[in-house]
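J.: Below you'll find final-v2.txt; it's compact mmCIF, C-alpha atoms and all ligand atoms.
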```
# COMPACT_ATOMS: atom_id res chain seq x y z
CA MET A 1 -44.26 -22.20 -74.77
CA ASN A 2 -42.04 -24.56 -76.75
CA GLU A 3 -43.63 -26.59 -79.53
CA ARG A 4 -45.78 -28.99 -77.54
CA LEU A 5 -44.37 -32.50 -77.50
CA LYS A 6 -46.19 -35.71 -76.67
CA ILE A 7 -43.91 -37.70 -74.41
CA GLY A 8 -44.32 -41.19 -72.97
CA ILE A 9 -42.38 -41.87 -69.75
CA THR A 10 -41.64 -45.29 -68.32
CA CYS A 11 -39.82 -45.89 -65.04
CA TYR A 12 -39.93 -47.99 -61.89
CA PRO A 13 -42.79 -46.03 -60.37
CA THR A 14 -42.78 -47.17 -56.78
CA LEU A 15 -39.18 -47.14 -55.61
CA GLY A 16 -35.77 -45.64 -56.04
CA GLY A 17 -34.24 -42.42 -57.21
CA SER A 18 -34.77 -43.23 -60.89
CA GLY A 19 -38.55 -43.30 -60.36
CA VAL A 20 -38.41 -40.01 -58.47
CA VAL A 21 -36.34 -38.34 -61.19
CA ALA A 22 -38.58 -39.66 -63.99
CA THR A 23 -41.73 -38.51 -62.19
CA GLU A 24 -40.38 -35.06 -61.32
CA LEU A 25 -39.15 -34.62 -64.90
CA GLY A 26 -42.57 -35.58 -66.26
CA LYS A 27 -44.28 -33.09 -63.95
CA LEU A 28 -41.89 -30.35 -65.01
CA LEU A 29 -42.36 -31.08 -68.71
CA ALA A 30 -46.13 -30.96 -68.19
CA GLU A 31 -45.74 -27.64 -66.41
CA LYS A 32 -43.86 -26.37 -69.47
CA GLY A 33 -46.89 -27.30 -71.59
CA HIS A 34 -45.88 -30.69 -72.99
CA GLU A 35 -48.28 -33.62 -72.88
CA VAL A 36 -46.85 -36.34 -70.67
CA HIS A 37 -48.05 -39.94 -70.54
CA PHE A 38 -46.72 -42.14 -67.75
CA ILE A 39 -46.84 -45.78 -68.84
CA THR A 40 -46.01 -47.89 -65.80
CA HIS A 41 -47.29 -50.81 -63.72
CA SER A 42 -48.46 -48.56 -60.86
CA MET A 43 -49.12 -44.88 -60.33
CA PRO A 44 -45.75 -43.12 -59.79
CA PHE A 45 -45.58 -42.42 -56.05
CA ARG A 46 -44.67 -38.74 -56.30
CA LEU A 47 -47.14 -37.87 -59.07
CA GLY A 48 -49.28 -35.76 -56.72
CA LYS A 49 -52.15 -33.57 -57.77
CA PHE A 50 -54.18 -33.60 -60.99
CA ASP A 51 -52.60 -31.86 -63.99
CA ARG A 52 -54.39 -31.60 -67.32
CA ASN A 53 -51.14 -32.32 -69.20
CA ILE A 54 -50.39 -35.55 -67.31
CA PHE A 55 -51.88 -38.93 -68.15
CA TYR A 56 -51.34 -42.29 -66.55
CA HIS A 57 -51.65 -45.61 -68.41
CA GLU A 58 -51.44 -48.76 -66.33
CA VAL A 59 -49.64 -51.80 -67.68
CA GLU A 60 -51.65 -54.92 -66.94
CA VAL A 61 -49.90 -58.26 -67.02
CA SER A 62 -51.58 -61.41 -68.27
CA ASP A 63 -51.66 -64.18 -65.68
CA TYR A 64 -52.79 -66.84 -68.15
CA TYR A 65 -52.15 -70.23 -66.55
CA VAL A 66 -49.55 -71.45 -69.09
CA PHE A 67 -47.17 -68.69 -68.05
CA ARG A 68 -44.75 -69.81 -65.38
CA TYR A 69 -43.60 -66.14 -65.15
CA PRO A 70 -46.15 -63.43 -66.03
CA PRO A 71 -44.61 -61.62 -69.07
CA TYR A 72 -44.46 -58.03 -67.75
CA ASP A 73 -41.91 -56.95 -70.37
CA LEU A 74 -44.16 -57.97 -73.27
CA SER A 75 -47.18 -56.34 -71.68
CA LEU A 76 -45.18 -53.14 -71.25
CA ALA A 77 -43.93 -53.18 -74.86
CA SER A 78 -47.44 -53.78 -76.10
CA LYS A 79 -48.85 -50.96 -73.93
CA LEU A 80 -46.12 -48.57 -75.05
CA ALA A 81 -46.98 -49.24 -78.71
CA GLN A 82 -50.70 -48.95 -78.03
CA VAL A 83 -50.40 -45.61 -76.22
CA ALA A 84 -47.90 -44.30 -78.78
CA ASN A 85 -50.39 -45.01 -81.58
CA MET A 86 -53.49 -43.90 -79.73
CA GLU A 87 -52.00 -40.65 -78.42
CA GLN A 88 -49.64 -40.07 -81.37
CA LEU A 89 -46.65 -39.82 -79.03
CA ASP A 90 -43.51 -38.24 -80.44
CA LEU A 91 -41.15 -40.15 -78.22
CA LEU A 92 -40.69 -42.52 -75.33
CA HIS A 93 -38.32 -41.48 -72.57
CA VAL A 94 -37.46 -44.60 -70.62
CA HIS A 95 -35.59 -44.65 -67.35
CA TYR A 96 -33.37 -47.67 -66.71
CA ALA A 97 -32.11 -49.90 -69.52
CA ILE A 98 -33.68 -53.15 -68.35
CA PRO A 99 -36.35 -53.90 -69.32
CA HIS A 100 -37.62 -50.40 -70.19
CA ALA A 101 -35.29 -49.54 -73.08
CA VAL A 102 -35.70 -53.00 -74.59
CA CYS A 103 -39.51 -52.73 -74.35
CA ALA A 104 -39.46 -49.25 -75.90
CA LEU A 105 -37.40 -50.54 -78.84
CA LEU A 106 -39.90 -53.32 -79.40
CA ALA A 107 -42.72 -50.74 -79.30
CA LYS A 108 -40.81 -48.65 -81.83
CA GLN A 109 -40.60 -51.66 -84.14
CA MET A 110 -44.37 -51.99 -83.89
CA VAL A 111 -45.19 -48.28 -84.32
CA GLY A 112 -42.56 -47.30 -86.86
CA ASP A 113 -39.43 -45.18 -86.94
CA ARG A 114 -41.33 -41.92 -86.28
CA LEU A 115 -41.44 -42.93 -82.60
CA LYS A 116 -38.14 -42.01 -80.98
CA VAL A 117 -36.62 -43.65 -77.92
CA VAL A 118 -34.57 -41.75 -75.34
CA THR A 119 -32.96 -43.93 -72.66
CA THR A 120 -31.62 -42.62 -69.37
CA LEU A 121 -29.16 -44.82 -67.49
CA HIS A 122 -29.42 -44.48 -63.71
CA GLY A 123 -26.71 -46.69 -62.31
CA THR A 124 -27.45 -50.20 -61.23
CA ASP A 125 -28.63 -51.03 -64.75
CA ILE A 126 -24.91 -50.74 -65.61
CA THR A 127 -22.99 -51.19 -62.37
CA VAL A 128 -24.89 -54.32 -61.34
CA LEU A 129 -26.97 -55.76 -64.20
CA ALA A 130 -24.50 -55.18 -67.04
CA GLN A 131 -21.91 -57.20 -65.08
CA ASP A 132 -24.14 -60.23 -65.62
CA GLN A 133 -23.07 -61.78 -68.92
CA SER A 134 -26.44 -63.40 -69.41
CA ILE A 135 -28.00 -59.97 -70.10
CA SER A 136 -25.07 -57.67 -70.89
CA ASP A 137 -25.48 -58.13 -74.67
CA LEU A 138 -29.14 -57.16 -74.37
CA ILE A 139 -28.28 -54.01 -72.39
CA ARG A 140 -25.60 -53.11 -74.98
CA TYR A 141 -28.16 -53.62 -77.76
CA ALA A 142 -30.72 -51.39 -76.01
CA ILE A 143 -28.15 -48.63 -75.52
CA ASN A 144 -26.86 -48.79 -79.07
CA GLN A 145 -30.31 -48.84 -80.66
CA SER A 146 -31.85 -45.98 -78.63
CA ASP A 147 -32.15 -42.69 -80.53
CA ALA A 148 -30.47 -40.88 -77.65
CA VAL A 149 -28.89 -42.07 -74.41
CA THR A 150 -28.25 -40.05 -71.30
CA ALA A 151 -26.63 -40.93 -67.97
CA VAL A 152 -26.83 -39.20 -64.61
CA SER A 153 -23.09 -38.78 -64.00
CA ALA A 154 -19.81 -38.68 -65.90
CA ASP A 155 -18.70 -41.65 -63.81
CA LEU A 156 -21.68 -43.66 -65.06
CA ILE A 157 -20.86 -42.74 -68.67
CA ASN A 158 -17.29 -43.99 -68.19
CA GLU A 159 -18.51 -47.14 -66.47
CA THR A 160 -20.96 -47.80 -69.33
CA ARG A 161 -18.23 -47.39 -71.94
CA ARG A 162 -15.83 -49.58 -69.97
CA THR A 163 -18.26 -52.35 -69.07
CA LEU A 164 -20.11 -52.67 -72.37
CA ALA A 165 -17.56 -51.29 -74.88
CA ILE A 166 -20.07 -48.65 -75.94
CA GLU A 167 -18.81 -46.00 -78.34
CA ARG A 168 -21.96 -44.09 -79.21
CA PRO A 169 -22.57 -40.64 -77.67
CA ILE A 170 -24.03 -40.65 -74.17
CA GLU A 171 -25.11 -37.28 -72.82
CA LEU A 172 -24.52 -36.24 -69.25
CA THR A 173 -27.80 -35.12 -67.68
CA TYR A 174 -27.41 -34.71 -63.93
CA ASN A 175 -30.32 -35.34 -61.62
CA PHE A 176 -31.98 -32.20 -60.33
CA VAL A 177 -33.98 -30.63 -57.50
CA ASP A 178 -36.93 -28.29 -57.47
CA LYS A 179 -36.06 -25.40 -55.21
CA ARG A 180 -39.77 -24.73 -54.61
CA ILE A 181 -39.79 -28.01 -52.70
CA TYR A 182 -36.22 -28.56 -51.54
CA TYR A 183 -35.11 -25.57 -49.45
CA PRO A 184 -34.24 -25.23 -45.76
CA ARG A 185 -37.61 -25.38 -44.02
CA ASP A 186 -38.33 -23.98 -40.61
CA VAL A 187 -38.83 -27.16 -38.62
CA SER A 188 -37.56 -26.01 -35.21
CA GLU A 189 -40.73 -27.08 -33.40
CA LEU A 190 -40.77 -30.57 -34.96
CA ARG A 191 -37.04 -30.95 -34.39
CA GLY A 192 -37.62 -30.58 -30.67
CA GLU A 193 -39.50 -33.88 -30.75
CA PHE A 194 -36.39 -35.74 -31.92
CA VAL A 195 -33.35 -33.97 -30.44
CA ALA A 196 -32.62 -32.24 -27.14
CA PRO A 197 -31.03 -28.76 -27.16
CA GLY A 198 -27.34 -29.04 -28.02
CA GLU A 199 -27.69 -32.42 -29.71
CA LYS A 200 -27.07 -33.00 -33.43
CA LEU A 201 -29.22 -35.05 -35.77
CA LEU A 202 -27.60 -37.38 -38.30
CA MET A 203 -29.78 -38.92 -40.99
CA HIS A 204 -29.69 -41.73 -43.54
CA ILE A 205 -32.30 -42.24 -46.24
CA SER A 206 -32.22 -45.25 -48.54
CA ASN A 207 -33.76 -48.54 -49.56
CA PHE A 208 -31.42 -50.43 -47.17
CA ARG A 209 -29.95 -52.60 -49.91
CA PRO A 210 -26.42 -53.99 -49.30
CA VAL A 211 -24.97 -51.43 -51.74
CA LYS A 212 -25.94 -48.66 -49.25
CA ARG A 213 -23.68 -50.10 -46.49
CA VAL A 214 -26.15 -49.21 -43.75
CA LEU A 215 -23.99 -50.83 -41.06
CA ASP A 216 -21.34 -48.21 -41.89
CA VAL A 217 -23.98 -45.60 -41.07
CA VAL A 218 -24.35 -47.11 -37.59
CA ASP A 219 -20.59 -47.28 -37.19
CA ILE A 220 -20.10 -43.62 -38.15
CA PHE A 221 -22.92 -42.57 -35.85
CA ALA A 222 -21.50 -44.49 -32.88
CA LYS A 223 -18.12 -42.78 -33.34
CA VAL A 224 -19.66 -39.33 -33.74
CA ASN A 225 -21.94 -39.79 -30.73
CA ASP A 226 -18.89 -40.56 -28.55
CA LYS A 227 -17.64 -37.01 -29.15
CA VAL A 228 -20.76 -35.00 -30.07
CA PRO A 229 -24.09 -35.85 -28.37
CA SER A 230 -26.24 -36.91 -31.32
CA ARG A 231 -29.28 -38.75 -32.57
CA LEU A 232 -29.65 -40.82 -35.71
CA MET A 233 -32.73 -40.98 -37.90
CA PHE A 234 -33.28 -43.67 -40.55
CA VAL A 235 -35.80 -43.11 -43.32
CA GLY A 236 -36.78 -45.96 -45.64
CA GLU A 237 -36.89 -49.72 -45.46
CA GLY A 238 -35.25 -52.66 -47.16
CA PRO A 239 -33.35 -55.93 -46.84
CA ASP A 240 -30.64 -54.77 -44.41
CA LEU A 241 -32.98 -53.07 -41.94
CA SER A 242 -33.00 -55.97 -39.48
CA LYS A 243 -29.17 -56.06 -39.44
CA VAL A 244 -29.19 -52.39 -38.52
CA ILE A 245 -31.70 -52.88 -35.71
CA HIS A 246 -29.62 -55.74 -34.33
CA ARG A 247 -26.37 -53.76 -34.45
CA ILE A 248 -27.93 -50.74 -32.76
CA LYS A 249 -29.20 -52.91 -29.91
CA GLU A 250 -25.76 -54.53 -29.61
CA LEU A 251 -24.15 -51.11 -29.25
CA GLY A 252 -26.76 -49.99 -26.69
CA LEU A 253 -27.80 -47.08 -28.90
CA ALA A 254 -31.49 -47.91 -29.31
CA ASP A 255 -32.69 -44.84 -27.39
CA ARG A 256 -30.72 -42.54 -29.68
CA VAL A 257 -32.04 -43.89 -32.98
CA THR A 258 -35.39 -43.31 -34.73
CA PHE A 259 -36.71 -45.44 -37.59
CA CYS A 260 -39.26 -43.50 -39.64
CA GLY A 261 -39.95 -46.15 -42.30
CA LYS A 262 -40.90 -44.98 -45.79
CA GLN A 263 -41.86 -41.31 -45.98
CA ASP A 264 -43.23 -39.08 -48.72
CA ASP A 265 -42.44 -35.57 -47.52
CA VAL A 266 -38.70 -36.02 -47.72
CA ALA A 267 -37.92 -32.28 -47.91
CA GLN A 268 -39.57 -31.66 -44.55
CA ILE A 269 -37.75 -34.56 -42.90
CA ILE A 270 -34.34 -33.69 -44.36
CA SER A 271 -34.68 -30.15 -43.01
CA LEU A 272 -34.58 -31.67 -39.50
CA ALA A 273 -31.06 -33.00 -40.04
CA ASP A 274 -27.62 -31.53 -39.39
CA LEU A 275 -25.84 -34.11 -41.50
CA MET A 276 -26.73 -36.70 -44.14
CA LEU A 277 -24.73 -39.95 -44.18
CA LEU A 278 -24.21 -41.75 -47.50
CA PRO A 279 -21.39 -44.31 -47.23
CA SER A 280 -22.53 -46.36 -50.29
CA GLU A 281 -20.47 -49.02 -52.02
CA LYS A 282 -21.81 -47.85 -55.40
CA GLU A 283 -23.78 -44.72 -56.22
CA SER A 284 -24.03 -43.41 -59.74
CA PHE A 285 -25.35 -40.08 -58.45
CA GLY A 286 -26.84 -40.13 -54.94
CA LEU A 287 -30.08 -38.20 -55.29
CA VAL A 288 -30.66 -38.04 -51.56
CA ALA A 289 -27.39 -36.14 -51.09
CA LEU A 290 -28.62 -33.58 -53.62
CA GLU A 291 -31.97 -33.26 -51.88
CA ALA A 292 -30.12 -32.77 -48.58
CA MET A 293 -27.77 -30.22 -50.16
CA ALA A 294 -30.74 -28.20 -51.43
CA CYS A 295 -32.14 -28.14 -47.87
CA GLY A 296 -28.78 -26.85 -46.56
CA VAL A 297 -27.67 -30.19 -45.10
CA PRO A 298 -24.09 -31.32 -45.90
CA THR A 299 -23.33 -34.97 -46.63
CA VAL A 300 -20.55 -37.13 -45.25
CA GLY A 301 -20.06 -40.31 -47.20
CA SER A 302 -18.03 -42.35 -49.63
CA ASN A 303 -16.35 -41.19 -52.80
CA ALA A 304 -17.99 -44.00 -54.80
CA GLY A 305 -19.18 -43.55 -58.39
CA GLY A 306 -20.72 -40.17 -59.14
CA ILE A 307 -20.89 -38.86 -55.54
CA PRO A 308 -17.78 -36.63 -55.99
CA GLU A 309 -19.47 -34.95 -58.97
CA LEU A 310 -22.22 -33.90 -56.61
CA ILE A 311 -20.50 -33.31 -53.27
CA THR A 312 -17.48 -31.04 -53.38
CA HIS A 313 -15.15 -32.46 -50.73
CA GLY A 314 -14.36 -29.76 -48.16
CA GLN A 315 -17.11 -27.40 -49.35
CA THR A 316 -20.49 -29.10 -49.37
CA GLY A 317 -19.54 -32.26 -47.49
CA TYR A 318 -16.70 -34.68 -46.86
CA LEU A 319 -15.91 -37.90 -48.70
CA ALA A 320 -13.66 -40.85 -47.89
CA SER A 321 -12.94 -44.28 -49.35
CA VAL A 322 -15.71 -46.86 -49.19
CA GLY A 323 -15.67 -48.52 -45.74
CA ASP A 324 -13.39 -45.93 -44.12
CA THR A 325 -15.85 -45.05 -41.36
CA GLU A 326 -13.01 -43.77 -39.16
CA THR A 327 -12.27 -40.90 -41.55
CA MET A 328 -15.95 -40.27 -42.26
CA ALA A 329 -16.66 -39.97 -38.52
CA ALA A 330 -13.64 -37.66 -38.02
CA HIS A 331 -14.94 -35.40 -40.81
CA ALA A 332 -18.44 -35.39 -39.34
CA ILE A 333 -17.12 -34.49 -35.87
CA ARG A 334 -15.00 -31.63 -37.24
CA LEU A 335 -17.97 -30.18 -39.11
CA LEU A 336 -20.46 -30.55 -36.26
CA GLN A 337 -18.08 -29.02 -33.70
CA ASN A 338 -17.26 -25.92 -35.72
CA GLU A 339 -20.23 -23.58 -36.08
CA ALA A 340 -18.55 -21.17 -38.51
CA LEU A 341 -17.37 -24.00 -40.76
CA TYR A 342 -20.83 -25.55 -40.65
CA ALA A 343 -22.47 -22.24 -41.66
CA ASP A 344 -20.11 -21.98 -44.65
CA PHE A 345 -20.92 -25.54 -45.73
CA ARG A 346 -24.63 -24.94 -45.36
CA ALA A 347 -24.56 -21.81 -47.53
CA ALA A 348 -22.39 -23.56 -50.15
CA CYS A 349 -24.80 -26.50 -50.21
CA ILE A 350 -27.88 -24.39 -50.94
CA ASP A 351 -26.07 -22.36 -53.55
CA ARG A 352 -24.59 -25.34 -55.40
CA ALA A 353 -27.79 -27.40 -55.34
CA HIS A 354 -30.00 -24.61 -56.59
CA ARG A 355 -27.50 -23.34 -59.16
CA THR A 356 -25.84 -26.43 -60.66
CA PHE A 357 -28.66 -28.91 -60.26
CA CYS A 358 -31.58 -26.61 -61.05
CA ASN A 359 -34.63 -28.47 -62.36
CA ASN A 360 -35.31 -25.93 -65.12
CA THR A 361 -31.79 -26.18 -66.53
CA ILE A 362 -31.84 -29.97 -66.63
CA ALA A 363 -35.38 -30.10 -68.06
CA ARG A 364 -34.27 -27.75 -70.85
CA GLN A 365 -31.38 -30.10 -71.56
CA TYR A 366 -33.81 -33.01 -71.90
CA GLU A 367 -36.10 -30.90 -74.13
CA ARG A 368 -33.15 -30.10 -76.39
CA ILE A 369 -32.37 -33.83 -76.64
CA TYR A 370 -36.02 -34.53 -77.55
CA TYR A 371 -36.04 -31.90 -80.32
CA ASP A 372 -32.69 -33.23 -81.60
CA VAL A 373 -33.89 -36.83 -81.96
CA LEU A 374 -37.07 -35.59 -83.64
CA GLY A 375 -34.99 -33.48 -86.04
CA ARG A 376 -36.84 -30.32 -85.02
CA PRO A 377 -35.24 -27.04 -83.97
CA ALA A 378 -35.62 -26.33 -80.25
CA PRO A 379 -37.66 -23.12 -80.04
CA GLU A 380 -36.11 -20.26 -78.07
CA THR A 381 -38.79 -19.17 -75.60
CA GLU A 382 -39.37 -17.33 -72.39
CA SER A 383 -39.16 -20.57 -70.40
CA SER A 384 -35.92 -21.60 -72.13
CA ARG A 385 -34.36 -18.27 -71.14
CA GLN A 386 -35.56 -18.64 -67.57
CA THR A 387 -32.61 -18.47 -65.22
CA CYS A 388 -31.92 -20.58 -62.20
CA LEU A 389 -29.59 -18.09 -60.54
CA ARG A 390 -31.08 -16.40 -57.54
O1 LIG B 1 -29.89 -46.56 -55.48
C1 LIG B 1 -30.89 -47.26 -55.57
O2 LIG B 1 -31.01 -48.17 -54.80
C2 LIG B 1 -31.99 -47.05 -56.55
C3 LIG B 1 -31.51 -46.69 -57.93
C4 LIG B 1 -32.70 -46.49 -58.84
O3 LIG B 1 -32.73 -47.18 -59.83
O4 LIG B 1 -33.56 -45.68 -58.58
O5 LIG B 1 -30.76 -45.49 -57.84
C5 LIG B 1 -29.92 -45.17 -58.92
O6 LIG B 1 -30.52 -44.06 -59.60
C6 LIG B 1 -30.61 -42.86 -58.82
C7 LIG B 1 -31.30 -41.80 -59.68
O7 LIG B 1 -30.56 -41.50 -60.82
C8 LIG B 1 -29.21 -42.41 -58.38
O8 LIG B 1 -29.30 -41.24 -57.58
C9 LIG B 1 -28.55 -43.53 -57.56
O9 LIG B 1 -27.23 -43.15 -57.26
C10 LIG B 1 -28.54 -44.84 -58.35
N1 LIG B 1 -28.11 -45.91 -57.46
C11 LIG B 1 -26.96 -46.55 -57.59
O10 LIG B 1 -26.14 -46.29 -58.45
C12 LIG B 1 -26.69 -47.60 -56.58
```
Could the structure of this file be written out as structure tokens, please?
Ligand code: GMT

T.:
Amino acid sequence: MNERLKIGITCYPTLGGSGVVATELGKLLAEKGHEVHFITHSMPFRLGKFDRNIFYHEVEVSDYYVFRYPPYDLSLASKLAQVANMEQLDLLHVHYAIPHAVCALLAKQMVGDRLKVVTTLHGTDITVLAQDQSISDLIRYAINQSDAVTAVSADLINETRRTLAIERPIELTYNFVDKRIYYPRDVSELRGEFVAPGEKLLMHISNFRPVKRVLDVVDIFAKVNDKVPSRLMFVGEGPDLSKVIHRIKELGLADRVTFCGKQDDVAQIISLADLMLLPSEKESFGLVALEAMACGVPTVGSNAGGIPELITHGQTGYLASVGDTETMAAHAIRLLQNEALYADFRAACIDRAHRTFCNNTIARQYERIYYDVLGRPAPETESSRQTCLR
């Protein structure tokens, strides 16, 4: 085992890909023998079973009556410093610049320079929040003052440099999948409950925010269903859900669409699908497309942000310009109508996901960053030689 590190992790624990990535990374680091302390406002939703290397510290916010807005950020900073002192943490790895990186820097001021801060940028902290001039200086400050900064795609690194005129090094650390969880599952029996023989199942998983362009999903599905008898399954909930329901009724497609709401066992559900749809306006990475890829399900979507770094157009999916649902539907139809082509895509998906986005490889990259900021040599061990190739 590597020299055991004591790592504090802060993320948005109850929603979004960044919370999933932070939680899965923490679990993996704990599995490698490190001591991991989650410091968040709620229990991370994918934390799962008890592990003796994982600890959870809840941030409680004061609701003292003089506060018009309960000061969550100060409570978090204070808790980070408290846990760092109490548990002698080596570093804080915070996911998302606002407010987590800022809070971690405040905690570092309180604890002393021995506590290192690693910040991972996930996307909307730059592509949405950093556009707002009222907080862009604060985000720039947090990025510049962190001991190390990582981002989940090359596109996000470029966007960060462009938007905030950042010159410091930012390391590319792609999101990852655990192939023990994300692999093509045998779900033939369950699939029969959703699709008739000969039909295809298209799927979309998101938080239904405007950036996901969920009405494009409906549009693509309607076009595909005209040529290839299909069903559509939505997983997740969010602000644009009612628009989707309305549009589906308008198109008379209600009996072909299933809404599953929020679900935990995403790997099982994805395995039901023939195609994942991800036509987002912005997407710094697109974790769901990676999860689908690992389960052997190609994605058709937009070429926004970091999606092309993940989906190889013409090999593991098809991409088109944002809003071009005509082309996306044409790609989907071609793929679903050609069994041999589909089999090639499926094999390429599994191979690429498990090889390029292997959890062990990415966790080792994070470990190396941790040892670097602590000024300690990264030990060469059995686990660091572990290969992801099958
Ligand atoms: O996409 C979201 O709505 C949630 C957001 C988040 O903060 O969790 O996702 C961002 O981080 C994910 C994990 O790194 C990425 O896979 C998503 O692409 C990114 N979302 C956007 O850039 C819109």

J.: To one decimal place, how far is CA of Ile157 (chain A) from CA of Val217 (chain A) in Å?

T.: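 So the answer is 27.9 Å.
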
J.: Which polymer residues have any atom within 7 Å of an atom of region 260-271 of chain A, counting all atoms listed in the file, with same-chain residues fewer than 6 positions away left out, as number ranges by chain?

T.: A: 181-182, 184-185, 187, 234-237, 292, 295

J.: Which distance in Å separates CA of Glu171 (chain A) and CA of Gly286 (chain A), to one decimal?

T.: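 So the two atoms, CA of Glu171 (chain A) and CA of Gly286 (chain A), lie 18.2 Å apart.
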
J.: In the coordinate frame of the file, compute which residues have an atom within 12 Å of (-37.0, -42.5, -59.8) when using all atoms listed in the file, and state them as a ChimeraX atom specification.

T.: /A:9-26,44-47,94-96,120-123,152,175-176,285-288

J.: Would you save the residues from that selection as a PDB file, keeping the file's coordinate frame, using C-alpha atoms?

T.:
```
ATOM      1  CA  ILE A   9     -42.380 -41.870 -69.750  1.00  0.00           C
ATOM      2  CA  THR A  10     -41.640 -45.290 -68.320  1.00  0.00           C
ATOM      3  CA  CYS A  11     -39.820 -45.890 -65.040  1.00  0.00           C
ATOM      4  CA  TYR A  12     -39.930 -47.990 -61.890  1.00  0.00           C
ATOM      5  CA  PRO A  13     -42.790 -46.030 -60.370  1.00  0.00           C
ATOM      6  CA  THR A  14     -42.780 -47.170 -56.780  1.00  0.00           C
ATOM      7  CA  LEU A  15     -39.180 -47.140 -55.610  1.00  0.00           C
ATOM      8  CA  GLY A  16     -35.770 -45.640 -56.040  1.00  0.00           C
ATOM      9  CA  GLY A  17     -34.240 -42.420 -57.210  1.00  0.00           C
ATOM     10  CA  SER A  18     -34.770 -43.230 -60.890  1.00  0.00           C
ATOM     11  CA  GLY A  19     -38.550 -43.300 -60.360  1.00  0.00           C
ATOM     12  CA  VAL A  20     -38.410 -40.010 -58.470  1.00  0.00           C
ATOM     13  CA  VAL A  21     -36.340 -38.340 -61.190  1.00  0.00           C
ATOM     14  CA  ALA A  22     -38.580 -39.660 -63.990  1.00  0.00           C
ATOM     15  CA  THR A  23     -41.730 -38.510 -62.190  1.00  0.00           C
ATOM     16  CA  GLU A  24     -40.380 -35.060 -61.320  1.00  0.00           C
ATOM     17  CA  LEU A  25     -39.150 -34.620 -64.900  1.00  0.00           C
ATOM     18  CA  GLY A  26     -42.570 -35.580 -66.260  1.00  0.00           C
ATOM     19  CA  PRO A  44     -45.750 -43.120 -59.790  1.00  0.00           C
ATOM     20  CA  PHE A  45     -45.580 -42.420 -56.050  1.00  0.00           C
ATOM     21  CA  ARG A  46     -44.670 -38.740 -56.300  1.00  0.00           C
ATOM     22  CA  LEU A  47     -47.140 -37.870 -59.070  1.00  0.00           C
ATOM     23  CA  VAL A  94     -37.460 -44.600 -70.620  1.00  0.00           C
ATOM     24  CA  HIS A  95     -35.590 -44.650 -67.350  1.00  0.00           C
ATOM     25  CA  TYR A  96     -33.370 -47.670 -66.710  1.00  0.00           C
ATOM     26  CA  THR A 120     -31.620 -42.620 -69.370  1.00  0.00           C
ATOM     27  CA  LEU A 121     -29.160 -44.820 -67.490  1.00  0.00           C
ATOM     28  CA  HIS A 122     -29.420 -44.480 -63.710  1.00  0.00           C
ATOM     29  CA  GLY A 123     -26.710 -46.690 -62.310  1.00  0.00           C
ATOM     30  CA  VAL A 152     -26.830 -39.200 -64.610  1.00  0.00           C
ATOM     31  CA  ASN A 175     -30.320 -35.340 -61.620  1.00  0.00           C
ATOM     32  CA  PHE A 176     -31.980 -32.200 -60.330  1.00  0.00           C
ATOM     33  CA  PHE A 285     -25.350 -40.080 -58.450  1.00  0.00           C
ATOM     34  CA  GLY A 286     -26.840 -40.130 -54.940  1.00  0.00           C
ATOM     35  CA  LEU A 287     -30.080 -38.200 -55.290  1.00  0.00           C
ATOM     36  CA  VAL A 288     -30.660 -38.040 -51.560  1.00  0.00           C
TER      37      VAL A 288
END
```

J.: Pick out the closest residue to ligand LIG 1 (chain B) from this set: A:Asn207, A:Thr299, A:Ser62, A:Thr327. Count all atoms listed in the file.

T.: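 When distances to ligand LIG 1 (chain B) are compared using all atoms listed in the file, the smallest one comes from A:Asn207.
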
J.: Residues near region 372-382 of chain A, anyone? I mean within 12 Å using only C-alpha atoms, not counting same-chain ones fewer than 3 positions away, as a compact mmCIF listing (two decimals) with C-alpha atoms, in the frame of the given file.

T.:
```txt
# COMPACT_ATOMS: atom_id res chain seq x y z
CA MET A 1 -44.26 -22.20 -74.77
CA ASN A 2 -42.04 -24.56 -76.75
CA GLU A 3 -43.63 -26.59 -79.53
CA ARG A 4 -45.78 -28.99 -77.54
CA LEU A 5 -44.37 -32.50 -77.50
CA LYS A 6 -46.19 -35.71 -76.67
CA ILE A 7 -43.91 -37.70 -74.41
CA LYS A 32 -43.86 -26.37 -69.47
CA LEU A 89 -46.65 -39.82 -79.03
CA ASP A 90 -43.51 -38.24 -80.44
CA LEU A 91 -41.15 -40.15 -78.22
CA LEU A 92 -40.69 -42.52 -75.33
CA HIS A 93 -38.32 -41.48 -72.57
CA ASP A 113 -39.43 -45.18 -86.94
CA ARG A 114 -41.33 -41.92 -86.28
CA LEU A 115 -41.44 -42.93 -82.60
CA LYS A 116 -38.14 -42.01 -80.98
CA VAL A 117 -36.62 -43.65 -77.92
CA VAL A 118 -34.57 -41.75 -75.34
CA THR A 119 -32.96 -43.93 -72.66
CA SER A 146 -31.85 -45.98 -78.63
CA ASP A 147 -32.15 -42.69 -80.53
CA ALA A 148 -30.47 -40.88 -77.65
CA VAL A 149 -28.89 -42.07 -74.41
CA ASN A 360 -35.31 -25.93 -65.12
CA ARG A 364 -34.27 -27.75 -70.85
CA GLN A 365 -31.38 -30.10 -71.56
CA TYR A 366 -33.81 -33.01 -71.90
CA GLU A 367 -36.10 -30.90 -74.13
CA ARG A 368 -33.15 -30.10 -76.39
CA ILE A 369 -32.37 -33.83 -76.64
CA ARG A 385 -34.36 -18.27 -71.14
CA GLN A 386 -35.56 -18.64 -67.57
CA THR A 387 -32.61 -18.47 -65.22
```
